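Here is the file start_10.cif (mmCIF, C-alpha atoms).
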```cif
data_upload
#
loop_
_atom_site.label_atom_id
_atom_site.label_comp_id
_atom_site.auth_asym_id
_atom_site.auth_seq_id
_atom_site.Cartn_x
_atom_site.Cartn_y
_atom_site.Cartn_z
CA MET A 265 94.49 -30.96 149.22
CA ASN A 266 91.74 -31.01 146.58
CA PHE A 267 88.82 -29.79 148.68
CA THR A 268 86.35 -30.05 145.80
CA ARG A 269 87.13 -33.73 145.30
CA ALA A 270 87.06 -34.33 149.06
CA ARG A 271 83.62 -32.73 149.26
CA GLU A 272 82.30 -34.82 146.35
CA ARG A 273 83.60 -37.98 148.01
CA MET A 274 82.05 -36.96 151.34
CA VAL A 275 78.63 -36.52 149.73
CA GLU A 276 78.81 -39.84 147.91
CA GLU A 277 80.28 -41.98 150.69
CA GLN A 278 78.81 -40.39 153.80
CA LEU A 279 75.41 -39.18 152.62
CA VAL A 280 74.26 -41.01 149.50
CA ASN A 281 75.61 -44.39 150.60
CA ARG A 282 73.86 -43.99 153.96
CA GLY A 283 70.44 -43.19 152.60
CA ILE A 284 70.23 -39.42 152.09
CA THR A 285 68.19 -39.04 148.89
CA ASP A 286 66.88 -35.46 148.78
CA VAL A 287 68.63 -34.04 145.72
CA ARG A 288 68.38 -30.45 147.01
CA VAL A 289 70.06 -31.40 150.27
CA LEU A 290 72.80 -33.29 148.44
CA ALA A 291 73.40 -30.32 146.15
CA ALA A 292 73.57 -27.89 149.09
CA VAL A 293 76.06 -30.03 151.01
CA ALA A 294 78.10 -30.47 147.83
CA LYS A 295 78.23 -26.69 147.37
CA VAL A 296 79.01 -25.42 150.89
CA GLU A 297 82.77 -25.44 151.52
CA ARG A 298 82.91 -27.17 154.88
CA HIS A 299 86.65 -26.55 155.29
CA ARG A 300 85.97 -22.81 155.57
CA PHE A 301 83.93 -23.39 158.74
CA VAL A 302 86.69 -25.02 160.81
CA GLU A 303 90.00 -23.72 162.10
CA GLU A 304 92.80 -23.65 159.55
CA ALA A 305 94.71 -26.39 161.40
CA LEU A 306 91.74 -28.76 160.90
CA ARG A 307 90.93 -27.95 157.29
CA THR A 308 92.46 -31.14 155.90
CA ARG A 309 90.09 -33.08 158.22
CA ALA A 310 86.98 -31.08 157.36
CA TYR A 311 85.47 -33.81 155.17
CA GLU A 312 86.03 -36.71 157.55
CA ASP A 313 83.06 -38.72 158.78
CA LYS A 314 83.12 -37.28 162.29
CA PRO A 315 82.42 -34.13 164.30
CA LEU A 316 85.33 -31.75 164.87
CA PRO A 317 86.05 -29.22 167.63
CA ILE A 318 85.28 -25.57 166.87
CA GLY A 319 86.31 -24.06 170.22
CA GLU A 320 84.36 -23.23 173.38
CA ARG A 321 83.87 -26.99 173.92
CA GLN A 322 81.53 -27.15 170.93
CA THR A 323 81.71 -29.15 167.68
CA ILE A 324 80.80 -29.03 164.01
CA SER A 325 78.43 -31.95 163.43
CA GLN A 326 79.31 -35.06 161.47
CA PRO A 327 78.48 -34.51 157.76
CA TYR A 328 75.97 -37.37 157.70
CA MET A 329 74.08 -35.89 160.65
CA VAL A 330 73.94 -32.50 158.94
CA GLY A 331 72.51 -34.23 155.86
CA LEU A 332 70.01 -36.27 157.84
CA MET A 333 68.70 -33.38 159.93
CA THR A 334 68.45 -31.13 156.90
CA GLU A 335 66.60 -33.76 154.87
CA THR A 336 64.24 -34.36 157.79
CA LEU A 337 63.23 -30.66 157.73
CA GLU A 338 61.71 -31.22 154.25
CA LEU A 339 62.66 -27.81 152.89
CA ARG A 340 61.33 -27.00 149.43
CA GLY A 341 62.45 -23.38 149.09
CA GLY A 342 61.28 -20.05 150.47
CA GLU A 343 60.75 -21.19 154.07
CA ARG A 344 61.45 -19.24 157.24
CA VAL A 345 63.75 -21.45 159.28
CA LEU A 346 64.92 -21.11 162.88
CA GLU A 347 68.24 -22.72 163.80
CA VAL A 348 69.07 -23.13 167.49
CA GLY A 349 72.82 -23.46 167.89
CA THR A 350 74.72 -21.58 165.18
CA GLY A 351 78.06 -23.06 166.18
CA CYS A 352 80.57 -22.43 163.39
CA GLY A 353 77.84 -21.58 160.88
CA TYR A 354 78.19 -24.63 158.62
CA GLN A 355 74.69 -26.00 159.16
CA THR A 356 73.43 -22.43 158.81
CA ALA A 357 75.03 -22.17 155.37
CA VAL A 358 73.44 -25.44 154.23
CA LEU A 359 70.04 -24.18 155.39
CA ALA A 360 70.60 -20.83 153.66
CA GLU A 361 71.10 -22.68 150.38
CA LEU A 362 67.68 -24.31 150.75
CA ALA A 363 65.37 -21.87 152.55
CA GLY A 364 64.15 -18.32 152.12
CA THR A 365 65.43 -16.86 155.40
CA VAL A 366 67.39 -18.46 158.24
CA PHE A 367 67.18 -17.06 161.77
CA THR A 368 69.98 -18.54 163.86
CA ILE A 369 70.67 -18.23 167.60
CA GLU A 370 73.93 -18.99 169.41
CA ARG A 371 74.42 -18.61 173.16
CA ILE A 372 78.23 -18.22 172.97
CA ALA A 373 79.04 -14.75 171.67
CA ALA A 374 82.50 -15.60 170.33
CA LEU A 375 81.13 -18.45 168.20
CA ALA A 376 78.26 -16.30 166.96
CA ALA A 377 80.62 -13.53 165.87
CA ALA A 378 82.97 -15.92 164.06
CA ALA A 379 80.05 -17.66 162.33
CA ARG A 380 78.57 -14.36 161.20
CA MET A 381 81.89 -13.37 159.64
CA ARG A 382 82.18 -16.69 157.81
CA LEU A 383 78.62 -16.49 156.51
CA GLU A 384 79.07 -12.92 155.31
CA ALA A 385 82.36 -13.82 153.63
CA ALA A 386 80.58 -16.67 151.84
CA GLY A 387 78.00 -14.21 150.52
CA TYR A 388 74.90 -15.29 152.43
CA THR A 389 72.46 -12.39 152.71
CA ASN A 390 69.43 -14.39 153.89
CA VAL A 391 70.70 -15.13 157.41
CA ALA A 392 69.84 -13.23 160.61
CA THR A 393 71.92 -13.94 163.72
CA ARG A 394 71.35 -13.46 167.42
CA VAL A 395 73.17 -14.23 170.67
CA GLY A 396 70.93 -15.67 173.38
CA ASP A 397 69.08 -18.64 174.84
CA GLY A 398 68.01 -20.62 171.80
CA SER A 399 65.60 -22.78 173.79
CA LEU A 400 63.35 -19.70 173.99
CA GLY A 401 63.26 -19.36 170.22
CA TRP A 402 62.89 -16.04 168.39
CA SER A 403 59.32 -14.95 169.05
CA GLU A 404 59.45 -11.69 167.05
CA ALA A 405 60.31 -13.59 163.87
CA ALA A 406 57.81 -16.44 164.39
CA PRO A 407 56.05 -18.37 163.05
CA PHE A 408 58.62 -20.62 161.39
CA ASP A 409 58.08 -23.25 158.73
CA ALA A 410 60.91 -25.31 160.17
CA VAL A 411 63.02 -25.33 163.34
CA ILE A 412 66.26 -27.25 163.81
CA VAL A 413 68.07 -27.68 167.14
CA THR A 414 71.73 -28.67 166.84
CA ALA A 415 72.23 -29.57 170.50
CA GLY A 416 70.76 -32.29 172.72
CA THR A 417 67.98 -31.46 175.16
CA PRO A 418 66.37 -33.42 178.02
CA GLN A 419 62.89 -32.11 177.16
CA VAL A 420 60.82 -30.76 174.30
CA PRO A 421 61.53 -27.01 174.14
CA ARG A 422 57.93 -25.83 174.27
CA PRO A 423 58.56 -22.29 172.98
CA LEU A 424 59.96 -23.80 169.78
CA VAL A 425 56.80 -25.85 169.29
CA ALA A 426 54.66 -22.77 169.91
CA GLN A 427 56.63 -20.80 167.32
CA LEU A 428 56.04 -23.40 164.58
CA ALA A 429 53.62 -22.51 161.83
CA THR A 430 50.82 -24.93 161.04
CA GLY A 431 52.42 -27.56 158.84
CA GLY A 432 55.83 -26.81 160.36
CA ARG A 433 58.51 -29.29 161.40
CA LEU A 434 60.74 -29.23 164.48
CA VAL A 435 63.82 -31.49 164.35
CA PHE A 436 65.92 -31.94 167.49
CA PRO A 437 67.87 -34.49 169.58
CA ILE A 438 66.27 -35.43 172.90
CA GLY A 439 67.55 -37.67 175.68
CA GLU A 440 70.40 -37.96 178.17
CA ASP A 441 73.63 -35.99 178.04
CA GLU A 442 75.57 -38.87 176.45
CA LEU A 443 72.96 -40.24 174.04
CA GLN A 444 69.88 -38.81 172.37
CA THR A 445 67.27 -39.76 169.79
CA LEU A 446 66.65 -37.60 166.75
CA VAL A 447 62.99 -36.56 166.71
CA ARG A 448 60.77 -34.69 164.27
CA ILE A 449 57.62 -33.05 165.56
CA ARG A 450 55.14 -32.15 162.85
CA LYS A 451 52.49 -29.56 163.72
CA ASP A 452 49.19 -29.60 161.84
CA GLU A 453 45.52 -28.85 162.42
CA ALA A 454 45.08 -32.13 164.26
CA GLY A 455 47.89 -31.41 166.71
CA LEU A 456 51.45 -32.72 167.03
CA ARG A 457 52.94 -35.90 165.58
CA GLU A 458 56.32 -37.33 166.55
CA GLU A 459 58.65 -39.39 164.36
CA TYR A 460 61.99 -40.91 165.32
CA PHE A 461 65.18 -41.17 163.28
CA GLY A 462 67.63 -43.12 165.42
CA ASP A 463 70.27 -42.50 168.06
CA CYS A 464 72.65 -39.57 167.97
CA ARG A 465 75.00 -37.66 170.23
CA PHE A 466 75.21 -33.88 170.46
CA VAL A 467 76.61 -31.32 172.86
CA LYS A 468 74.11 -30.03 175.40
CA LEU A 469 71.46 -27.43 174.68
CA VAL A 470 71.96 -25.06 177.60
CA GLY A 471 69.01 -22.84 178.43
CA ARG A 472 65.70 -22.48 180.20
CA TYR A 473 64.14 -25.34 178.24
CA GLY A 474 67.35 -27.36 177.94
CA TRP A 475 70.12 -28.23 180.37
CA ARG A 476 70.70 -25.71 183.13
CA ARG A 477 74.47 -25.82 182.68
CA GLU A 478 77.04 -27.50 180.47
CA GLU A 479 78.75 -29.55 183.19
#
```

Could you render the structure as structure tokens?
Amino acid sequence: MNFTRARERMVEEQLVNRGITDVRVLAAVAKVERHRFVEEALRTRAYEDKPLPIGERQTISQPYMVGLMTETLELRGGERVLEVGTGCGYQTAVLAELAGTVFTIERIAALAAAARMRLEAAGYTNVATRVGDGSLGWSEAAPFDAVIVTAGTPQVPRPLVAQLATGGRLVFPIGEDELQTLVRIRKDEAGLREEYFGDCRFVKLVGRYGWRREE
């Protein structure tokens, strides 16, 4: 399979044709080899327009959703970014292409270890990883210019808002376990502003400020 051609087609058909316009985001998604972040048996499906299982009942997000959430963060280069939900590390790699430093938290140790190995193998040196409750954020590394949550939550994770820098953006899915809405909270001197970017469906954010358990 020609992975380079498949990746180019994915960017054109799934991102550009659906309204993703940020040229830096498009370039990052075009560069990161998505097939290296899934199991070998699924590599020929890595560029399909759908999420795929990565083990531990978790998924790698649909390429369009990765593009949309990344574009919504409005990264311009040099930012400190917090990612809640490392998963397989694919979204982390896209962020690492665009930001200064990425701090990423994963609650499932096996996924965190595998993601760290993939990211190191890909040559990313601007990523810090941690195993823990992502809904609590990473207070020692705060404040962050941008925070992205790659799992659905029933409430606004307040520690993540508190750890945003002034001018920072928090992008996350909020709603019920089967359907959420993608939200961006922008923090400025006047307070918080919310913007909405349509329906989505993610696995649950499990933690103190998320769902209490996965079931």

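Applying the 12 Å criterion to (77.6, -25.4, 181.6) in file coordinates and using only C-alpha atoms, one obtains the residues Glu320, Arg321, Gln322, Arg371, Ile372, Asp441, Val467, Lys468, Leu469, Val470, Gly471, Gly474, Trp475, Arg476, Arg477, Glu478 and Glu479 of chain A.
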
What is the distance, in Å and to one decimal place, between atom CA of Val275 of chain A and atom CA of Asp313 of chain A? 10.3 Å

Given all atoms listed in the file as the basis, pick out the residue of A:Val345, A:Ala292, A:Leu332, A:Met274 nearest to Glu312 of chain A.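 Smallest separation from Glu312 of chain A among the options: A:Met274.
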
Can I get the residues of segment 374-421 of chain A within 8 Å of segment 333-343 of chain A, each with the closest pair of atoms and their distance in Å to one decimal, using only C-alpha atoms, sorted chain first then ascending number, as a tab-separated table?
```
residue	atom	partner	partner_atom	distance
A:Phe408	CA	A:Glu343	CA	7.6
A:Asp409	CA	A:Glu343	CA	5.8
A:Ala410	CA	A:Leu337	CA	6.3
A:Val411	CA	A:Leu337	CA	7.7
A:Ile412	CA	A:Leu337	CA	7.6
```

Could you tell me how far atom CA of Phe436 of chain A sits from atom CA of Ile284 of chain A, in Å to one decimal place? 17.7 Å

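Note on the selection: in this file the PyMOL selection byres ((chain A and resi 420) around 10) comes out as A:Ser399, A:Thr417, A:Pro418, A:Gln419, A:Pro421, A:Arg422, A:Pro423, A:Leu424, A:Val425, A:Leu434, A:Phe436, A:Pro437, A:Ile438, A:Gly439, A:Val447, A:Ile449, A:Tyr473, A:Gly474.
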
Exactly which residues make up the result of the PyMOL selection byres ((chain A and resi 354) around 9) on this file, given as a PyMOL selection string? chain A and resi 296-298+300-302+324-325+330+350-353+355-359+379+382-383

Pick the closest to Ala405 of chain A from A:Leu346, A:Ala360, A:Asp463, A:Thr445: which is it, counting all atoms listed in the file?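 Ranked by minimum distance to Ala405 of chain A, first place goes to A:Leu346.
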
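Straight-line separation from atom CA of Thr323 of chain A to atom CA of Phe466 of chain A: 8.5 Å.
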